[in-house]
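Data file: entry.txt. Format and content: compact mmCIF, C-alpha atoms and all ligand atoms.
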# COMPACT_ATOMS: atom_id res chain seq x y z
CA MET A 1 3.67 56.04 51.25
CA ASP A 2 2.04 58.31 48.71
CA ASN A 3 -0.93 60.06 50.29
CA ASN A 4 -2.67 60.45 46.96
CA ARG A 5 -2.68 56.72 46.47
CA ARG A 6 -3.83 56.04 50.00
CA ASP A 7 -6.60 58.60 49.60
CA PHE A 8 -7.57 57.09 46.31
CA ILE A 9 -8.21 53.64 47.69
CA LYS A 10 -10.16 55.07 50.62
CA LYS A 11 -12.18 57.36 48.43
CA SER A 12 -12.81 54.81 45.70
CA ALA A 13 -14.04 52.33 48.25
CA LEU A 14 -16.33 55.01 49.66
CA ALA A 15 -17.47 55.92 46.17
CA LEU A 16 -18.23 52.30 45.42
CA ALA A 17 -20.09 52.02 48.72
CA ALA A 18 -22.15 55.10 47.90
CA ILE A 19 -22.86 53.90 44.39
CA THR A 20 -23.84 50.38 45.32
CA ALA A 21 -25.81 51.47 48.38
CA GLY A 22 -28.03 53.50 46.10
CA SER A 23 -28.42 50.85 43.45
CA ALA A 24 -31.49 48.76 42.91
CA ILE A 25 -29.61 45.59 42.11
CA GLY A 26 -28.78 44.82 45.72
CA ASN A 27 -25.26 44.70 47.00
CA THR A 28 -23.49 41.98 48.88
CA LEU A 29 -20.02 42.94 47.67
CA ALA A 30 -19.56 44.88 50.91
CA PRO A 31 -17.30 47.79 49.91
CA ALA A 32 -17.29 48.79 53.57
CA LYS A 33 -15.42 45.60 54.36
CA PHE A 34 -12.94 46.44 51.62
CA LEU A 35 -12.47 49.89 53.12
CA GLU A 36 -11.94 48.37 56.54
CA ASN A 37 -9.29 46.11 55.10
CA GLU A 38 -7.62 49.18 53.66
CA THR A 39 -7.50 51.18 56.83
CA THR A 40 -6.95 48.73 59.66
CA PRO A 41 -4.60 45.83 60.22
CA LEU A 42 -6.18 42.52 59.37
CA ASP A 43 -6.71 41.32 62.89
CA GLU A 44 -8.46 38.23 61.65
CA GLY A 45 -5.67 37.64 59.21
CA SER A 46 -7.95 37.20 56.28
CA PHE A 47 -9.57 38.83 53.30
CA SER A 48 -13.08 37.42 53.04
CA LYS A 49 -14.86 35.94 50.06
CA GLU A 50 -17.43 38.48 48.98
CA SER A 51 -20.50 37.63 46.90
CA LEU A 52 -21.13 39.26 43.56
CA PRO A 53 -23.44 42.29 43.62
CA TYR A 54 -25.67 40.51 41.06
CA ALA A 55 -26.62 36.96 40.08
CA TYR A 56 -24.30 34.82 37.96
CA ASP A 57 -26.75 34.98 35.06
CA ALA A 58 -27.44 38.73 35.40
CA LEU A 59 -25.02 39.75 32.65
CA GLU A 60 -26.51 37.36 30.08
CA PRO A 61 -26.46 37.29 27.11
CA HIS A 62 -23.28 39.39 27.02
CA ILE A 63 -21.34 37.41 29.62
CA ASP A 64 -22.70 33.94 30.28
CA LYS A 65 -23.69 32.44 33.61
CA LEU A 66 -21.14 29.59 33.65
CA THR A 67 -18.24 31.94 32.90
CA MET A 68 -19.30 34.25 35.73
CA GLU A 69 -19.81 31.35 38.14
CA ILE A 70 -16.40 29.78 37.49
CA HIS A 71 -14.66 33.13 37.32
CA HIS A 72 -16.10 34.26 40.65
CA SER A 73 -16.38 31.05 42.68
CA LYS A 74 -13.18 29.37 41.47
CA HIS A 75 -10.68 31.93 40.15
CA TYR A 76 -11.57 34.92 42.38
CA TYR A 77 -12.03 32.81 45.51
CA GLY A 78 -8.74 31.10 44.68
CA TYR A 79 -6.91 34.45 44.74
CA ILE A 80 -8.39 35.26 48.14
CA THR A 81 -7.53 31.85 49.60
CA ASN A 82 -3.99 32.08 48.26
CA LEU A 83 -3.61 35.71 49.37
CA ASN A 84 -4.50 34.76 52.94
CA LYS A 85 -2.09 31.83 52.79
CA ALA A 86 0.72 34.01 51.40
CA ILE A 87 0.14 36.68 54.07
CA GLY A 88 0.27 33.97 56.71
CA GLU A 89 3.62 32.76 55.41
CA LEU A 90 5.10 36.23 55.08
CA ASP A 91 7.90 37.56 57.24
CA GLY A 92 5.87 40.03 59.31
CA SER A 93 8.55 42.70 59.24
CA ILE A 94 8.02 43.45 55.55
CA LEU A 95 4.45 44.70 55.83
CA GLY A 96 4.50 45.59 59.49
CA GLU A 97 1.10 45.77 61.14
CA LYS A 98 -0.63 47.20 58.14
CA LYS A 99 -1.54 44.21 56.03
CA SER A 100 -3.68 46.30 53.71
CA LEU A 101 -3.75 46.05 49.94
CA ASN A 102 -2.47 49.59 49.66
CA ASN A 103 0.58 48.79 51.78
CA MET A 104 1.16 45.65 49.72
CA PHE A 105 0.90 47.54 46.41
CA ASP A 106 3.33 50.14 47.75
CA LYS A 107 5.93 47.54 48.76
CA MET A 108 5.25 45.16 45.90
CA ALA A 109 8.84 45.08 44.65
CA LYS A 110 9.95 43.57 47.98
CA LEU A 111 7.10 41.08 48.37
CA PRO A 112 6.87 37.46 47.17
CA LEU A 113 5.27 36.69 43.82
CA ALA A 114 2.39 34.93 45.60
CA ILE A 115 1.38 38.23 47.23
CA ARG A 116 1.75 40.13 43.95
CA ASN A 117 -0.41 37.67 42.00
CA ASN A 118 -3.07 37.14 44.63
CA ALA A 119 -3.37 40.64 46.10
CA GLY A 120 -3.64 41.87 42.52
CA GLY A 121 -6.11 39.12 41.68
CA TYR A 122 -8.26 40.03 44.66
CA TYR A 123 -8.27 43.80 44.08
CA ASN A 124 -8.53 43.70 40.27
CA HIS A 125 -11.55 41.41 40.36
CA PHE A 126 -13.20 43.46 43.10
CA LEU A 127 -13.02 46.40 40.70
CA PHE A 128 -14.02 44.29 37.71
CA TRP A 129 -17.24 42.98 39.35
CA SER A 130 -18.11 46.51 40.49
CA LEU A 131 -17.54 47.92 37.01
CA MET A 132 -20.19 45.67 35.46
CA LYS A 133 -23.95 45.54 35.94
CA PRO A 134 -27.06 44.17 34.24
CA ASN A 135 -28.39 46.58 31.60
CA GLY A 136 -25.14 48.51 31.68
CA GLY A 137 -23.24 49.91 28.77
CA GLY A 138 -24.06 53.06 26.87
CA GLU A 139 -21.84 56.04 27.50
CA PRO A 140 -20.51 57.77 30.60
CA LYS A 141 -21.96 61.12 31.62
CA GLY A 142 -20.67 64.26 33.25
CA LYS A 143 -17.02 64.85 34.08
CA LEU A 144 -15.80 61.45 32.95
CA ALA A 145 -17.51 61.84 29.58
CA ASP A 146 -15.91 65.26 29.15
CA ALA A 147 -12.48 63.96 30.15
CA ILE A 148 -12.71 61.03 27.72
CA LYS A 149 -13.65 63.40 24.92
CA THR A 150 -10.79 65.77 25.75
CA SER A 151 -8.25 62.95 26.04
CA PHE A 152 -9.24 60.75 23.11
CA GLY A 153 -11.23 62.99 20.78
CA SER A 154 -14.45 60.99 21.02
CA PHE A 155 -16.05 58.15 22.95
CA ASP A 156 -15.76 55.88 19.89
CA GLU A 157 -12.06 56.61 19.56
CA PHE A 158 -11.60 55.89 23.28
CA LYS A 159 -13.42 52.54 22.90
CA LYS A 160 -11.21 51.64 19.97
CA GLN A 161 -7.98 52.43 21.84
CA PHE A 162 -9.14 50.67 25.01
CA ALA A 163 -10.13 47.54 23.07
CA ASP A 164 -6.74 47.66 21.31
CA ALA A 165 -4.98 47.70 24.69
CA GLY A 166 -6.92 44.60 25.68
CA MET A 167 -6.22 42.89 22.37
CA LYS A 168 -2.51 43.68 22.37
CA ARG A 169 -1.88 42.44 25.91
CA PHE A 170 0.03 39.24 25.14
CA GLY A 171 -1.04 36.30 27.26
CA SER A 172 -2.96 37.05 30.44
CA GLY A 173 -3.55 40.48 31.88
CA TRP A 174 -5.74 43.54 32.15
CA ALA A 175 -6.64 46.66 30.18
CA TRP A 176 -7.05 49.83 32.22
CA LEU A 177 -8.29 53.37 31.97
CA VAL A 178 -6.18 55.23 34.53
CA LYS A 179 -6.31 58.74 35.97
CA THR A 180 -2.71 59.76 36.56
CA LYS A 181 -1.41 61.89 39.41
CA GLU A 182 -1.46 64.84 36.98
CA GLY A 183 -5.17 64.19 36.38
CA LYS A 184 -4.72 62.86 32.85
CA LEU A 185 -6.69 59.91 31.49
CA VAL A 186 -4.43 57.23 30.04
CA ILE A 187 -5.16 53.79 28.57
CA THR A 188 -2.69 51.08 29.54
CA SER A 189 -2.44 47.36 30.19
CA THR A 190 -0.67 45.16 32.71
CA ALA A 191 0.48 41.56 32.69
CA ASN A 192 -0.94 38.79 34.88
CA GLN A 193 -2.60 40.36 37.97
CA ASP A 194 -0.48 43.50 38.12
CA ASN A 195 -2.33 46.82 38.33
CA PRO A 196 -1.63 50.58 38.06
CA LEU A 197 -1.42 50.97 41.84
CA MET A 198 1.55 48.64 42.18
CA ILE A 199 4.94 50.31 42.53
CA LEU A 200 6.83 48.14 40.07
CA ASP A 201 9.08 49.03 37.11
CA SER A 202 7.01 46.75 34.88
CA VAL A 203 3.85 48.76 35.57
CA GLU A 204 4.20 51.42 32.89
CA VAL A 205 1.37 53.78 33.85
CA LYS A 206 0.67 54.39 37.51
CA GLY A 207 -2.48 56.01 38.84
CA THR A 208 -6.10 55.58 39.78
CA PRO A 209 -7.99 52.81 37.97
CA VAL A 210 -11.21 54.10 36.39
CA LEU A 211 -12.01 51.08 34.20
CA ALA A 212 -10.65 47.53 34.51
CA LEU A 213 -11.05 44.83 31.89
CA ASP A 214 -9.93 41.27 32.59
CA VAL A 215 -8.49 39.79 29.39
CA TRP A 216 -7.41 36.46 30.85
CA GLU A 217 -8.87 33.60 28.82
CA HIS A 218 -10.78 32.43 31.90
CA ALA A 219 -12.91 35.56 31.52
CA TYR A 220 -14.31 34.49 28.14
CA TYR A 221 -13.26 31.12 26.71
CA ILE A 222 -16.41 29.18 27.60
CA LYS A 223 -18.59 31.42 25.45
CA ASN A 224 -16.12 33.06 23.10
CA GLN A 225 -13.45 30.34 22.87
CA ASN A 226 -10.28 32.08 21.67
CA LYS A 227 -12.07 35.18 20.37
CA ARG A 228 -11.01 37.92 22.76
CA ALA A 229 -12.30 40.61 20.39
CA ASP A 230 -15.85 39.21 20.63
CA TYR A 231 -15.65 39.20 24.43
CA ILE A 232 -14.45 42.82 24.54
CA ALA A 233 -17.21 43.86 22.14
CA SER A 234 -19.79 42.16 24.45
CA TRP A 235 -18.27 43.64 27.59
CA TRP A 236 -19.14 47.21 26.55
CA ASN A 237 -22.81 46.21 27.03
CA VAL A 238 -22.36 45.55 30.74
CA VAL A 239 -20.04 48.40 31.78
CA ASN A 240 -21.22 50.16 34.92
CA TRP A 241 -20.38 53.74 34.01
CA GLU A 242 -21.75 55.06 37.32
CA THR A 243 -19.01 53.13 39.13
CA ALA A 244 -16.41 54.39 36.65
CA GLU A 245 -17.63 57.98 37.19
CA GLY A 246 -17.34 57.46 40.94
CA LEU A 247 -13.77 56.19 40.59
CA TYR A 248 -12.85 59.08 38.30
CA SER A 249 -14.32 61.72 40.62
CA ALA A 250 -13.03 60.20 43.86
MN MN3 A 301 -10.12 36.95 36.06

Would you write the structure of this file as structure tokens?
Ligand code: MN3
Amino acid sequence: MDNNRRDFIKKSALALAAITAGSAIGNTLAPAKFLENETTPLDEGSFSKESLPYAYDALEPHIDKLTMEIHHSKHYYGYITNLNKAIGELDGSILGEKKSLNNMFDKMAKLPLAIRNNAGGYYNHFLFWSLMKPNGGGEPKGKLADAIKTSFGSFDEFKKQFADAGMKRFGSGWAWLVKTKEGKLVITSTANQDNPLMILDSVEVKGTPVLALDVWEHAYYIKNQNKRADYIASWWNVVNWETAEGLYSA
């Protein structure tokens, strides 16, 4: 187990808790519960279905209410249901007592595809919901803004490269801004529900997620049909840069 990665998940959950606790939008996403799931065995044997930290229509007009409702109440809840089922069916000796996401991501190469898809689906969406907010967008501030400028030349150039990563991901997957172990900011993408914390050969860039963009069609087809570029352009208007700054600094 890599202590940096373990620390990251703990710290990012704390950062999210601190950020959302201080926000005016109200939080029912319960990062504390997420943290608990990270640090203790799942005695109850289940990851619970958390509410969104804002209303389904709160991201309108950029992301529409029906998309958010189906995405959250059907797709996201489906990952959690199937994750719990897959954990229940797992040979206990693989994960041992620590049925945390971090332990699963660490041992992903040895775990069934159902765990990979659904643990990833659960965690990736948890980040995704937290990285959006009503009246979001604009530009990051402070250390993250400086790091983006150093790494990519300018915020506009970063946006272009990040959107490209989302556009070029063939089929379903995610675009990521990742802080590597060396502290570098790197843009990457993963297939399906894989993420940069999973120890898998197919995950090209490993590190701390700072931004997560879902480019599965279910994230945009109701409003944008097949036009992923339109969805990505809209998404910049709802980015919660405070959460991203918290993840970067954690
Ligand atoms: Mn999704």

| Hey, which residues come within 9 Å of ligand MN3 301 (chain A) if we count all atoms listed in the file? Could you give them as a PyMOL selection string? | chain A and resi 71-72+75-76+121+124-125+128+173-174+193+213-219

| field | Proximity to Thr188 (chain A) - best of A:Phe162, A:Tyr248, A:Phe170, A:Tyr56, all atoms listed in the file | value |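 Ranked by minimum distance to Thr188 (chain A), first place goes to A:Phe162.
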
| request: Have a look at A:Ala147, A:Met108, A:Leu177, A:Ala86 and name the one nearest to Lys159 (chain A); count all atoms listed in the file. | output: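 Between A:Ala147, A:Met108, A:Leu177, A:Ala86, the residue approaching Lys159 (chain A) most closely is A:Leu177.
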
| Closest of A:Ser154, A:Met132, A:Ala191, A:Phe47 to Tyr79 (chain A) - atom-to-atom distances counting all atoms listed in the file |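 Of A:Ser154, A:Met132, A:Ala191, A:Phe47, the one nearest Tyr79 (chain A), counting all atoms listed in the file, is A:Phe47.
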
| request: Could you jot down the CA of Arg116 (chain A) to CA of Leu211 (chain A) separation for me, Å, one decimal place? | output: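 Taking CA of Arg116 (chain A) and CA of Leu211 (chain A), their separation equals 20.1 Å.
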
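In this structure, CA of Gly136 (chain A) sits 9.3 Å away from CA of Glu242 (chain A).
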
| task | For CA of Leu95 (chain A) and CA of Leu200 (chain A), quote the distance in Å rounded to one decimal. | result |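 CA of Leu200 (chain A) lies at a distance of 16.3 Å from CA of Leu95 (chain A).
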
| query | Leaving out Lys107 (chain A) and any residue of its chain fewer than 5 positions from it, which residues lie within 12 Å of it when counting only C-alpha atoms, given as a list of chain:residue names? | reply |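 Within the cut-off, the hits are A:Met1, A:Asp2, A:Ser93, A:Ile94, A:Leu95, A:Gly96, A:Lys98, A:Lys99, A:Ser100, A:Leu101, A:Asn102, A:Pro112, A:Leu113, A:Ile115, A:Arg116, A:Ala119, A:Leu197, A:Met198, A:Ile199, A:Leu200.
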
Centre and edge lengths, as JSON, for the axis-aligned box enclosing every listed atom of region 54-64 of chain A with 3 Å of padding on each of the six sides, in Å to one decimal?
{"center_x": -24.4, "center_y": 37.2, "center_z": 34.0, "size_x": 12.1, "size_y": 12.6, "size_z": 20.0}

Could you name the residues that touch Leu66 (chain A) at 12 Å or less, counting all atoms listed in the file, but leaving out those on the same chain fewer than 5 positions away, as a compact mmCIF listing (two decimals) with C-alpha atoms, in the coordinates of the input?
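Contents of around.txt, freshly written:
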# COMPACT_ATOMS: atom_id res chain seq x y z
CA ALA A 55 -26.62 36.96 40.08
CA TYR A 56 -24.30 34.82 37.96
CA ASP A 57 -26.75 34.98 35.06
CA ALA A 58 -27.44 38.73 35.40
CA LEU A 59 -25.02 39.75 32.65
CA GLU A 60 -26.51 37.36 30.08
CA PRO A 61 -26.46 37.29 27.11
CA HIS A 71 -14.66 33.13 37.32
CA HIS A 72 -16.10 34.26 40.65
CA SER A 73 -16.38 31.05 42.68
CA LYS A 74 -13.18 29.37 41.47
CA HIS A 218 -10.78 32.43 31.90
CA ALA A 219 -12.91 35.56 31.52
CA TYR A 220 -14.31 34.49 28.14
CA TYR A 221 -13.26 31.12 26.71
CA ILE A 222 -16.41 29.18 27.60
CA LYS A 223 -18.59 31.42 25.45

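Residues lying within 8 Å of Ser249 (chain A), counting all atoms listed in the file and ignoring same-chain neighbours fewer than 2 positions away, are A:Lys143, A:Leu144, A:Glu245, A:Gly246, A:Leu247.
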
| task | Would you list the contacts of Leu185 (chain A) as a ChimeraX atom specification, taking every protein, DNA or RNA residue within 10 Å and counting only C-alpha atoms, but skipping same-chain residues closer than 2 positions in sequence? | result | /A:144,147-148,150-152,177-183,187-188,207-210,248

Residue selection dump (C-alpha atoms) as a PDB file, in the frame of the given file:
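Heads up, here's the output in part-v1.pdb:
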ATOM      1  CA  LEU A 144     -15.800  61.450  32.950  1.00  0.00           C
ATOM      2  CA  ALA A 147     -12.480  63.960  30.150  1.00  0.00           C
ATOM      3  CA  ILE A 148     -12.710  61.030  27.720  1.00  0.00           C
ATOM      4  CA  THR A 150     -10.790  65.770  25.750  1.00  0.00           C
ATOM      5  CA  SER A 151      -8.250  62.950  26.040  1.00  0.00           C
ATOM      6  CA  PHE A 152      -9.240  60.750  23.110  1.00  0.00           C
ATOM      7  CA  LEU A 177      -8.290  53.370  31.970  1.00  0.00           C
ATOM      8  CA  VAL A 178      -6.180  55.230  34.530  1.00  0.00           C
ATOM      9  CA  LYS A 179      -6.310  58.740  35.970  1.00  0.00           C
ATOM     10  CA  THR A 180      -2.710  59.760  36.560  1.00  0.00           C
ATOM     11  CA  LYS A 181      -1.410  61.890  39.410  1.00  0.00           C
ATOM     12  CA  GLU A 182      -1.460  64.840  36.980  1.00  0.00           C
ATOM     13  CA  GLY A 183      -5.170  64.190  36.380  1.00  0.00           C
ATOM     14  CA  ILE A 187      -5.160  53.790  28.570  1.00  0.00           C
ATOM     15  CA  THR A 188      -2.690  51.080  29.540  1.00  0.00           C
ATOM     16  CA  GLY A 207      -2.480  56.010  38.840  1.00  0.00           C
ATOM     17  CA  THR A 208      -6.100  55.580  39.780  1.00  0.00           C
ATOM     18  CA  PRO A 209      -7.990  52.810  37.970  1.00  0.00           C
ATOM     19  CA  VAL A 210     -11.210  54.100  36.390  1.00  0.00           C
ATOM     20  CA  TYR A 248     -12.850  59.080  38.300  1.00  0.00           C
TER      21      TYR A 248
END
